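Participant: What follows is a structure written as structure tokens; I'll ask about it next.
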Amino acid sequence: MSDERVHNQLTATQTRHLQRCLAAVDFDDDLNLVRGQGRGHERGMQQRSIAYHHQAPGTARFIMLQAMVGHDTQRVYRALQALTALIDDDPQNETHGCVRWYYENDRCEDTNAAFFTGFPLVCAWIARNEWHDGEIGEAFRDYFSKAVKWFLHTARHPSFFYPNKCYGDCALLYSFGHVLDDSKLTEEGLDFCRRWFDYLRRRGCGWGEDHSIAYANVLIRMSLLLLVIGCPDGLRKQVTEFLDDIMDFVGFHNGYVPIPAIRGKHSGEVFHEFTPWFDLDSTKLTGKSAAAFVLVPRCGYSPPPPRMDVPRERIHRTFDDEYSVAWVERHARLGTLSRWPLMPNMYHHAEWGVGRQATPAAFIAADRNSGYLQWKAVDDRGTTRCHPATGCSGVNRFESCPLTRPLTFLPEVIQIAHQKQGAAIVVREIHRLHAPLQDLSDLWRIPKFSGDLFIDGIRWEQKPLQCRPEWCVLDYGNVTVAIKPLRTRGVADPEPRETILDIALDGDGIVLKNTLYDGPADEVCEPLLYTGWCVLLMQDRDGVDEWDVQEEFKDDGEIPRTYQEYVRSIALQGPDTSLILHRDPLNESATVRA
């Protein structure tokens with residue numbers, strides 16, 4: 001790494017841009033930390049009545065910007081000391097060595113702060129070799145030597161299923177070893193990286209952050225750091241292939257919200273600009289992404305060109321034998337996960353969960369309008385929970401962590417899908433429901449709707465409507481999305497029934513709502529509830545007449561189906577397309593897609 005310890009060779013335009021980024025930072029000279037507005041994202045911070053917060057990652061980015069275009073070494077020195085004071089120095093704590101994200105929080109709550117703080121500091125070290133000596137050099141080494149204890153802990157107790165966190169911890173342990181010139185730490189970091197890539201090869205990218213534009217940024221920056229620090233040939237090949245795969249994901253969706261998406265925000269917007277890591281003249285490289293100026297010129301990596309052919313399809317392994325399907329036409333997109341959640345115990349929890357952060361079935365129509373499936377529950381206290389959570393702040397809507405208010409346990413929520421190009425079958429289930437509820441529904445949420453809706457060929461007049469439709473057709477002029485509700489088993493339904501939809505305006509959009517429970521606030525106990533949908537992308541709405549759906553429920557007599565957990569078969573057939581999905585809710589291996 002010594003050959004890399006030089007100043008960045010920045011153009012005058014790049015220098016001015018980074019200086020503006022640095023000037024925009026609110027550095028508090030009393031606490032020697034960067035100040036931000038609001039309460040911050042952690043649960044402990046959300047409960048405080050404060051107008052400002054002071055954060056470790058932002059302070060580390062301030063130091064990185066100073067390394068590239070700043071001259072205030074005294075502030076850098078004081079900021080390093082302030083960051084070191086935020087590290088948990090109690091060997092008895094589980095978070096020993098982890099830095100607190102916020103000065104105002106008295107504990108390490110979001111331990112991702114460790115790599116989000118460590119990463120800019122390593123980049124600053126790479127960018128400014130004269131900082132390796134003197135009091136600033138000692139302050140850097142003091143921080144790294146204390147913070148590395150956390151990364152040693154995560155290497156010995158890894159969470160391989162948590163991609164951005166685990167991969168970040170791998171990269172930082174390896175990098176800290178190089179900075180501290182400690183061969184033992186470097187070897188432990190190298191071993192950690194190899195174990196994570198072995199997990200990636202065997203099982204996939206954990207709970208799916210390679211399906212998130214936001215977390216693709218994290219995975220990219222950690223990969224670039226590994227390449228710059230210097231990898232053995234075998235590891236470099238793995239890092240490069242992983243980067244190629246992430247950049248293929250980014251290029252495939254070319255500025256649109258990915259469908260399906262895991263760990264995203266759901267506000268109804270269809271565009272999600274990706275950080276232009278490899279365009280150093282872009283003004284969209286902010287203080288959060290300024291590491292590109294340090295890493296990209298040194299990494300020796302060039303991304304593959306984006307895929308722009310239309311139509312195009314991306315079938316991507318998610319976890320074990322499951323996969324995602326994304327289909328892009330000229331003016332429409334459709335995406336599903338073959339199974340959601342991807343693994344046990346990831347979907348929801350009393351305090352966290354990925355269910356509120358994912359759209360496992362979604363479409364984009366006319367290049368401007370999104371639609372996605374959403375579970376909605378209202379508990380006995382009137383609290384509404386949605387999966388995915390609605391709005392830009394959905395990722396941090398803590399009340400939506402669990403879909404229902406926890407009693408003794410949480411229900412198991414499952415989606416199974418089968419998609420070919422622009423046609424999909426989606427089956428949705430809730431198992432072992434035991435929760436206080438007054439409303440439970442499965443709905444298509446279509447924010448900012450800008451077309452016409454036809455119910456079995458009749459234009460909807462935008463008045464609340466309850467009906468049993470064959471097809472709901474969303475006509476956007478240059479493309480059509482057709483949605484057919486399959487049969488439902490709601491609360492107290494002994495057998496599957498024809499689905500009743502409530503169709504209504506919802507803000508600036510519409511919802512197609514299938515209610516599974518609507519009654520007095522009470523504890524609701526059911527062994528199995530289910531819904532289902534067929535979805536089509538078509539050129540015009542008359543094309544729906546060419547599609548046929550057959551649905552069958554069967555007791556095969558092979559195992560006892562005490563609560564009428566029938567084997568379910570759905571066949572969707574249309575021009576040159578045939579999809580069949582068999583789903584046995586009592587036998588995971590019996591899900592068949594043909």
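Naming works like this for the structure tokens: A, B, ... for the chains as they're shown, residue 1 at the start of each chain, ligands 1 onward in shown order.
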Given only C-alpha atoms, how would the per-residue table for range 5-95 of chain A near range 151-160 of chain A read, listing every residue at most 12 Å away with its closest atom pair and distance in Å to one decimal, sorted by chain and number, as JSON lines?
Facilitator:
{"residue": "A:Pro91", "atom": "CA", "partner": "A:His153", "partner_atom": "CA", "distance": 11.0}
{"residue": "A:Asn93", "atom": "CA", "partner": "A:His153", "partner_atom": "CA", "distance": 11.2}
{"residue": "A:Glu94", "atom": "CA", "partner": "A:His153", "partner_atom": "CA", "distance": 8.7}
{"residue": "A:Thr95", "atom": "CA", "partner": "A:His153", "partner_atom": "CA", "distance": 8.7}
Participant: How about saving the chosen residues, N, CA, C and O atoms kept, as a compact mmCIF listing (two decimals), in the first residue's frame?
Facilitator:
# COMPACT_ATOMS: atom_id res chain seq x y z
N PRO A 91 -14.03 -4.33 27.90
CA PRO A 91 -13.88 -5.69 27.37
C PRO A 91 -15.02 -6.62 27.76
O PRO A 91 -15.20 -7.68 27.13
N ASN A 93 -18.20 -5.89 27.50
CA ASN A 93 -19.37 -5.63 26.67
C ASN A 93 -19.30 -6.41 25.36
O ASN A 93 -18.21 -6.61 24.80
N GLU A 94 -20.45 -6.79 24.86
CA GLU A 94 -20.51 -7.47 23.56
C GLU A 94 -20.07 -6.56 22.43
O GLU A 94 -19.66 -7.03 21.37
N THR A 95 -20.19 -5.24 22.64
CA THR A 95 -19.82 -4.28 21.60
C THR A 95 -18.43 -3.69 21.82
O THR A 95 -18.12 -2.60 21.31
Participant: I'd like the neighbourhood of range 432-448 of chain A as a PyMOL selection string, where a residue qualifies if any of its atoms comes within 6 Å (using only C-alpha atoms), though same-chain residues fewer than 2 positions away should be ignored.
Facilitator: chain A and resi 268+370-380+411+508-527
Participant: Looking only at the backbone, which of the residues in range 55-89 of chain A does DSSP tag as alpha helix (DSSP H), as a PyMOL selection string?
Facilitator: chain A and resi 56-69+73-85
Participant: Could you tell me how far CA of Leu579 in chain A lies from CA of Ala366 in chain A, in Å and to one decimal?
Facilitator: 24.9 Å
Participant: Which residue, A:Asp545, A:Thr499, A:His431, A:Val122, has the smallest gap to Asp456 in chain A when you use only C-alpha atoms?
Facilitator: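 For Asp456 in chain A, the nearest of the given residues is A:Asp545.
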Participant: Looking only at strand (DSSP E) from DSSP on the backbone, list the matching residues of range 170-408 of chain A as number ranges by chain.
Facilitator: A: 261-262, 312-317, 323-328, 332-337, 339-340, 358-359, 361-365, 369-379, 384-387
Participant: Name all residues at most 12 Å from Trp207 in chain A (count only C-alpha atoms; drop same-chain ones fewer than 4 positions away) and give them as a compact mmCIF listing (two decimals) with all heavy atoms, in the first residue's frame.
Facilitator:
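Resulting contents of part-v2.txt:
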# COMPACT_ATOMS: atom_id res chain seq x y z
N SER A 159 -21.79 -12.86 10.93
CA SER A 159 -23.18 -12.88 10.47
C SER A 159 -23.14 -12.87 8.94
O SER A 159 -23.38 -11.85 8.30
CB SER A 159 -23.95 -11.67 11.00
OG SER A 159 -23.97 -11.65 12.41
N PHE A 160 -22.80 -14.01 8.36
CA PHE A 160 -22.63 -14.08 6.91
C PHE A 160 -23.90 -13.67 6.17
O PHE A 160 -23.83 -13.17 5.05
CB PHE A 160 -22.23 -15.50 6.49
CG PHE A 160 -20.87 -15.92 6.96
CD1 PHE A 160 -20.71 -17.05 7.73
CD2 PHE A 160 -19.74 -15.20 6.61
CE1 PHE A 160 -19.46 -17.46 8.16
CE2 PHE A 160 -18.48 -15.59 7.04
CZ PHE A 160 -18.34 -16.73 7.82
N PHE A 161 -25.06 -13.89 6.80
CA PHE A 161 -26.34 -13.61 6.15
C PHE A 161 -26.61 -12.12 5.98
O PHE A 161 -27.51 -11.73 5.26
CB PHE A 161 -27.48 -14.23 6.96
CG PHE A 161 -27.51 -13.77 8.39
CD1 PHE A 161 -28.13 -12.59 8.75
CD2 PHE A 161 -26.91 -14.53 9.39
CE1 PHE A 161 -28.15 -12.15 10.07
CE2 PHE A 161 -26.93 -14.10 10.72
CZ PHE A 161 -27.55 -12.91 11.05
N TYR A 162 -25.83 -11.26 6.65
CA TYR A 162 -26.06 -9.81 6.65
C TYR A 162 -25.00 -9.18 5.74
O TYR A 162 -23.95 -8.76 6.21
CB TYR A 162 -25.94 -9.31 8.08
CG TYR A 162 -26.46 -7.93 8.39
CD1 TYR A 162 -26.64 -7.52 9.70
CD2 TYR A 162 -26.75 -7.01 7.38
CE1 TYR A 162 -27.11 -6.25 10.00
CE2 TYR A 162 -27.21 -5.75 7.66
CZ TYR A 162 -27.39 -5.37 8.98
OH TYR A 162 -27.84 -4.11 9.27
N PRO A 163 -25.24 -9.11 4.43
CA PRO A 163 -24.15 -8.87 3.48
C PRO A 163 -23.36 -7.59 3.68
O PRO A 163 -22.12 -7.64 3.79
CB PRO A 163 -24.86 -8.86 2.12
CG PRO A 163 -26.12 -9.62 2.34
CD PRO A 163 -26.52 -9.36 3.76
N ASN A 164 -24.03 -6.42 3.73
CA ASN A 164 -23.23 -5.20 3.78
C ASN A 164 -22.45 -5.12 5.08
O ASN A 164 -21.31 -4.66 5.11
CB ASN A 164 -24.11 -3.97 3.54
CG ASN A 164 -24.72 -3.38 4.79
OD1 ASN A 164 -24.12 -2.55 5.45
ND2 ASN A 164 -25.94 -3.80 5.11
N LYS A 165 -23.03 -5.59 6.16
CA LYS A 165 -22.35 -5.55 7.44
C LYS A 165 -21.17 -6.52 7.48
O LYS A 165 -20.05 -6.14 7.84
CB LYS A 165 -23.33 -5.88 8.56
CG LYS A 165 -22.69 -5.99 9.95
CD LYS A 165 -23.74 -6.21 11.01
CE LYS A 165 -23.10 -6.55 12.34
NZ LYS A 165 -22.02 -5.63 12.72
N CYS A 166 -21.41 -7.76 7.09
CA CYS A 166 -20.35 -8.77 7.18
C CYS A 166 -19.21 -8.46 6.21
O CYS A 166 -18.04 -8.51 6.57
CB CYS A 166 -20.93 -10.15 6.91
SG CYS A 166 -19.78 -11.49 7.31
N LEU A 200 -20.87 -16.87 0.01
CA LEU A 200 -21.50 -16.31 -1.18
C LEU A 200 -21.60 -17.37 -2.28
O LEU A 200 -22.63 -17.50 -2.95
CB LEU A 200 -20.69 -15.11 -1.67
CG LEU A 200 -21.18 -14.40 -2.93
CD1 LEU A 200 -22.46 -13.63 -2.64
CD2 LEU A 200 -20.11 -13.46 -3.46
N ARG A 203 -24.22 -20.33 -0.83
CA ARG A 203 -25.60 -20.04 -0.45
C ARG A 203 -26.19 -18.79 -1.10
O ARG A 203 -27.41 -18.63 -1.14
CB ARG A 203 -25.70 -19.92 1.07
CG ARG A 203 -25.07 -21.10 1.82
CD ARG A 203 -25.75 -21.36 3.12
NE ARG A 203 -27.11 -21.85 2.95
CZ ARG A 203 -27.91 -22.20 3.96
NH1 ARG A 203 -27.47 -22.10 5.21
NH2 ARG A 203 -29.13 -22.64 3.74
N HIS A 211 -29.85 -6.91 -4.10
CA HIS A 211 -31.07 -6.48 -4.78
C HIS A 211 -31.50 -5.10 -4.29
O HIS A 211 -32.68 -4.76 -4.30
CB HIS A 211 -32.20 -7.49 -4.54
CG HIS A 211 -32.07 -8.73 -5.34
ND1 HIS A 211 -31.03 -9.62 -5.17
CD2 HIS A 211 -32.84 -9.26 -6.34
CE1 HIS A 211 -31.17 -10.64 -6.01
NE2 HIS A 211 -32.25 -10.43 -6.73
N SER A 212 -30.54 -4.31 -3.85
CA SER A 212 -30.83 -2.98 -3.29
C SER A 212 -29.84 -1.99 -3.88
O SER A 212 -28.62 -2.18 -3.78
CB SER A 212 -30.70 -3.00 -1.77
OG SER A 212 -30.62 -1.70 -1.24
N TYR A 215 -27.78 -0.48 -0.89
CA TYR A 215 -26.74 -1.33 -0.32
C TYR A 215 -25.75 -1.82 -1.37
O TYR A 215 -24.64 -2.24 -1.01
CB TYR A 215 -27.37 -2.47 0.47
CG TYR A 215 -27.98 -1.95 1.74
CD1 TYR A 215 -29.33 -1.67 1.83
CD2 TYR A 215 -27.17 -1.66 2.83
CE1 TYR A 215 -29.88 -1.14 2.98
CE2 TYR A 215 -27.71 -1.12 3.98
CZ TYR A 215 -29.06 -0.86 4.06
OH TYR A 215 -29.59 -0.32 5.20
N ALA A 261 -37.22 -5.72 -5.18
CA ALA A 261 -36.21 -5.02 -4.37
C ALA A 261 -36.21 -5.57 -2.96
O ALA A 261 -37.24 -5.95 -2.42
CB ALA A 261 -36.49 -3.52 -4.34
N ILE A 262 -35.03 -5.63 -2.37
CA ILE A 262 -34.85 -6.04 -0.98
C ILE A 262 -34.09 -4.92 -0.28
O ILE A 262 -33.06 -4.45 -0.77
CB ILE A 262 -34.08 -7.36 -0.87
CG1 ILE A 262 -34.83 -8.48 -1.60
CG2 ILE A 262 -33.85 -7.75 0.59
CD1 ILE A 262 -34.06 -9.78 -1.69
N ARG A 263 -34.61 -4.46 0.83
CA ARG A 263 -34.03 -3.37 1.61
C ARG A 263 -34.04 -2.07 0.81
O ARG A 263 -32.99 -1.51 0.50
CB ARG A 263 -32.65 -3.71 2.12
CG ARG A 263 -32.61 -4.93 3.02
CD ARG A 263 -31.47 -4.89 4.00
NE ARG A 263 -31.71 -3.89 5.04
CZ ARG A 263 -30.78 -3.43 5.88
NH1 ARG A 263 -29.54 -3.87 5.78
NH2 ARG A 263 -31.08 -2.55 6.80
N ARG A 317 -29.80 -15.74 -8.88
CA ARG A 317 -29.89 -16.54 -7.65
C ARG A 317 -29.91 -15.62 -6.44
O ARG A 317 -29.11 -14.69 -6.34
CB ARG A 317 -28.69 -17.48 -7.57
CG ARG A 317 -28.72 -18.37 -6.32
CD ARG A 317 -27.37 -19.01 -6.11
NE ARG A 317 -27.35 -19.89 -4.95
CZ ARG A 317 -26.24 -20.30 -4.35
NH1 ARG A 317 -25.06 -19.91 -4.80
NH2 ARG A 317 -26.30 -21.09 -3.30
N THR A 318 -30.82 -15.88 -5.54
CA THR A 318 -30.87 -15.10 -4.31
C THR A 318 -30.22 -15.88 -3.17
O THR A 318 -29.08 -15.60 -2.79
CB THR A 318 -32.33 -14.74 -3.95
OG1 THR A 318 -33.12 -15.93 -3.92
CG2 THR A 318 -32.89 -13.77 -4.96
N PHE A 319 -30.91 -16.89 -2.66
CA PHE A 319 -30.38 -17.66 -1.54
C PHE A 319 -30.71 -19.13 -1.75
O PHE A 319 -31.85 -19.47 -2.07
CB PHE A 319 -30.99 -17.17 -0.22
CG PHE A 319 -30.42 -17.84 1.00
CD1 PHE A 319 -29.15 -17.53 1.44
CD2 PHE A 319 -31.15 -18.78 1.70
CE1 PHE A 319 -28.61 -18.15 2.56
CE2 PHE A 319 -30.63 -19.40 2.82
CZ PHE A 319 -29.35 -19.09 3.25
N ASP A 320 -29.69 -19.99 -1.61
CA ASP A 320 -29.82 -21.42 -1.87
C ASP A 320 -30.39 -21.64 -3.27
O ASP A 320 -29.80 -21.18 -4.23
CB ASP A 320 -30.65 -22.10 -0.78
CG ASP A 320 -29.87 -22.20 0.54
OD1 ASP A 320 -28.65 -21.95 0.54
OD2 ASP A 320 -30.49 -22.54 1.57
N GLU A 322 -33.33 -20.52 -4.51
CA GLU A 322 -34.33 -19.54 -4.93
C GLU A 322 -33.68 -18.45 -5.79
O GLU A 322 -32.45 -18.34 -5.85
CB GLU A 322 -35.03 -18.94 -3.72
CG GLU A 322 -35.70 -19.96 -2.82
CD GLU A 322 -36.76 -20.79 -3.54
OE1 GLU A 322 -37.32 -20.31 -4.55
OE2 GLU A 322 -37.04 -21.91 -3.08
N TYR A 323 -34.52 -17.64 -6.42
CA TYR A 323 -34.01 -16.70 -7.41
C TYR A 323 -34.99 -15.54 -7.58
O TYR A 323 -36.15 -15.61 -7.17
CB TYR A 323 -33.79 -17.40 -8.75
CG TYR A 323 -35.02 -18.11 -9.26
CD1 TYR A 323 -35.95 -17.46 -10.07
CD2 TYR A 323 -35.28 -19.44 -8.90
CE1 TYR A 323 -37.09 -18.10 -10.51
CE2 TYR A 323 -36.42 -20.10 -9.33
CZ TYR A 323 -37.32 -19.42 -10.14
OH TYR A 323 -38.46 -20.05 -10.56
N LEU A 337 -39.72 -12.31 -6.59
CA LEU A 337 -38.84 -13.28 -5.94
C LEU A 337 -39.54 -14.63 -5.95
O LEU A 337 -40.74 -14.72 -5.66
CB LEU A 337 -38.53 -12.87 -4.51
CG LEU A 337 -37.70 -11.60 -4.33
CD1 LEU A 337 -37.68 -11.19 -2.86
CD2 LEU A 337 -36.27 -11.81 -4.82
N ARG A 339 -39.23 -16.95 -3.91
CA ARG A 339 -39.67 -17.21 -2.53
C ARG A 339 -39.29 -16.01 -1.67
O ARG A 339 -38.19 -15.45 -1.80
CB ARG A 339 -39.03 -18.48 -1.96
CG ARG A 339 -39.46 -18.71 -0.51
CD ARG A 339 -38.78 -19.90 0.14
NE ARG A 339 -39.14 -19.95 1.55
CZ ARG A 339 -40.24 -20.51 2.03
NH1 ARG A 339 -41.07 -21.10 1.22
NH2 ARG A 339 -40.49 -20.49 3.33
N TRP A 340 -40.20 -15.66 -0.80
CA TRP A 340 -39.93 -14.59 0.17
C TRP A 340 -40.64 -14.95 1.47
O TRP A 340 -41.80 -15.35 1.42
CB TRP A 340 -40.44 -13.25 -0.36
CG TRP A 340 -40.22 -12.12 0.60
CD1 TRP A 340 -41.15 -11.49 1.37
CD2 TRP A 340 -38.97 -11.51 0.92
NE1 TRP A 340 -40.59 -10.52 2.12
CE2 TRP A 340 -39.24 -10.51 1.87
CE3 TRP A 340 -37.66 -11.71 0.50
CZ2 TRP A 340 -38.23 -9.72 2.40
CZ3 TRP A 340 -36.67 -10.92 1.03
CH2 TRP A 340 -36.95 -9.93 1.97
N PRO A 341 -39.96 -14.87 2.61
CA PRO A 341 -38.58 -14.46 2.79
C PRO A 341 -37.58 -15.51 2.28
O PRO A 341 -37.95 -16.66 2.06
CB PRO A 341 -38.47 -14.26 4.30
CG PRO A 341 -39.49 -15.18 4.87
CD PRO A 341 -40.63 -15.18 3.90
N LEU A 342 -36.34 -15.09 2.15
CA LEU A 342 -35.32 -15.96 1.57
C LEU A 342 -34.84 -17.02 2.54
O LEU A 342 -34.38 -18.07 2.11
CB LEU A 342 -34.12 -15.13 1.11
CG LEU A 342 -34.40 -14.00 0.11
CD1 LEU A 342 -33.10 -13.30 -0.25
CD2 LEU A 342 -35.09 -14.54 -1.13
N MET A 343 -34.92 -16.74 3.83
CA MET A 343 -34.39 -17.66 4.84
C MET A 343 -35.20 -17.52 6.12
O MET A 343 -35.92 -16.52 6.30
CB MET A 343 -32.90 -17.36 5.13
CG MET A 343 -32.68 -15.98 5.71
SD MET A 343 -30.93 -15.57 6.01
CE MET A 343 -30.30 -15.45 4.35
N PRO A 344 -35.11 -18.49 7.02
CA PRO A 344 -35.86 -18.38 8.28
C PRO A 344 -35.37 -17.20 9.12
O PRO A 344 -34.22 -16.78 9.04
CB PRO A 344 -35.54 -19.72 8.98
CG PRO A 344 -35.08 -20.64 7.90
CD PRO A 344 -34.39 -19.77 6.89
N ASN A 345 -36.29 -16.66 9.92
CA ASN A 345 -35.97 -15.69 10.97
C ASN A 345 -35.47 -14.34 10.46
O ASN A 345 -34.91 -13.57 11.24
CB ASN A 345 -34.94 -16.27 11.95
CG ASN A 345 -35.44 -17.49 12.66
OD1 ASN A 345 -36.63 -17.60 12.96
ND2 ASN A 345 -34.57 -18.45 12.91
N MET A 346 -35.67 -14.04 9.19
CA MET A 346 -35.22 -12.75 8.69
C MET A 346 -36.37 -11.79 8.44
O MET A 346 -36.16 -10.59 8.29
CB MET A 346 -34.47 -12.93 7.36
CG MET A 346 -35.35 -13.43 6.21
SD MET A 346 -34.62 -13.27 4.56
CE MET A 346 -34.78 -11.54 4.26
N TYR A 347 -37.61 -12.30 8.38
CA TYR A 347 -38.71 -11.50 7.86
C TYR A 347 -39.16 -10.42 8.84
O TYR A 347 -39.24 -9.25 8.48
CB TYR A 347 -39.88 -12.41 7.50
CG TYR A 347 -41.04 -11.66 6.87
CD1 TYR A 347 -41.02 -11.34 5.53
CD2 TYR A 347 -42.12 -11.25 7.64
CE1 TYR A 347 -42.07 -10.64 4.95
CE2 TYR A 347 -43.18 -10.55 7.07
CZ TYR A 347 -43.14 -10.25 5.72
OH TYR A 347 -44.17 -9.54 5.15
N GLY A 353 -36.29 -6.43 11.16
CA GLY A 353 -36.83 -7.34 10.16
C GLY A 353 -36.76 -6.74 8.78
O GLY A 353 -36.81 -5.53 8.61
N VAL A 354 -36.65 -7.61 7.78
CA VAL A 354 -36.50 -7.16 6.41
C VAL A 354 -37.84 -7.10 5.68
O VAL A 354 -37.95 -6.56 4.60
CB VAL A 354 -35.50 -8.08 5.66
CG1 VAL A 354 -35.17 -7.56 4.27
CG2 VAL A 354 -34.20 -8.19 6.46
N GLY A 355 -38.90 -7.63 6.31
CA GLY A 355 -40.21 -7.62 5.68
C GLY A 355 -40.69 -6.22 5.34
O GLY A 355 -41.32 -6.00 4.29
N GLN A 357 -38.96 -3.79 4.46
CA GLN A 357 -37.99 -3.11 3.59
C GLN A 357 -37.91 -3.74 2.19
O GLN A 357 -36.91 -3.52 1.50
CB GLN A 357 -36.60 -3.17 4.23
CG GLN A 357 -36.54 -2.57 5.62
CD GLN A 357 -35.18 -2.78 6.26
OE1 GLN A 357 -34.31 -3.45 5.74
NE2 GLN A 357 -35.00 -2.20 7.43
N ALA A 358 -38.91 -4.50 1.79
CA ALA A 358 -38.77 -5.23 0.53
C ALA A 358 -40.07 -5.23 -0.26
O ALA A 358 -41.17 -5.24 0.31
CB ALA A 358 -38.34 -6.67 0.81
Participant: Using only C-alpha atoms, which of A:Arg497, A:Leu453, A:Val413, A:Lys265 sits nearest Arg468 in chain A?
Facilitator: A:Arg497
Participant: Need the shell around Phe119 in chain A: protein/DNA/RNA residues with any atom at most 10 Å away, counting only C-alpha atoms. Skip same-chain ones fewer than 4 positions apart. Format as a list of chain:residue names?
Facilitator: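 With the cut-off at 10 Å, the set is A:Pro57, A:Ala60, A:Arg61, A:Met64, A:Ala113, A:Ala114, A:Phe115, A:Cys123, A:Ala124, A:Trp125, A:Gly168, A:Asp169, A:Ala171, A:Leu172, A:Ser175, A:Phe176, A:Arg221, A:Met222, A:Leu225, A:Ala291.
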Participant: When distances are computed from only C-alpha atoms, which of A:Thr283, A:Ile503, A:Tyr530, A:Asn105 shows the smallest separation from Arg48 in chain A?
Facilitator: A:Asn105
Participant: Write out as a ChimeraX atom specification which residues come within 12 Å of Phe252 in chain A when counting only C-alpha atoms, dropping same-chain ones fewer than 5 positions away.
Facilitator: /A:211,213,244-247,257-259,274,304-316,325-329,333
Participant: Can you pull out the residues contacting Tyr174 in chain A? Cut-off 8 Å, using only C-alpha atoms, and skip same-chain residues under 4 positions away; I want them as a list in words.
Facilitator: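 Listed by chain and then number, they are Cys170, His178, Leu185, Thr186, Glu187, Glu188, Gly189, Leu190 and Leu226 of chain A.
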Participant: Rounded to one decimal, what separation in Å do you get between CA of Val535 in chain A and CA of Val426 in chain A?
Facilitator: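 Distance reported for this atom pair: 8.0 Å.
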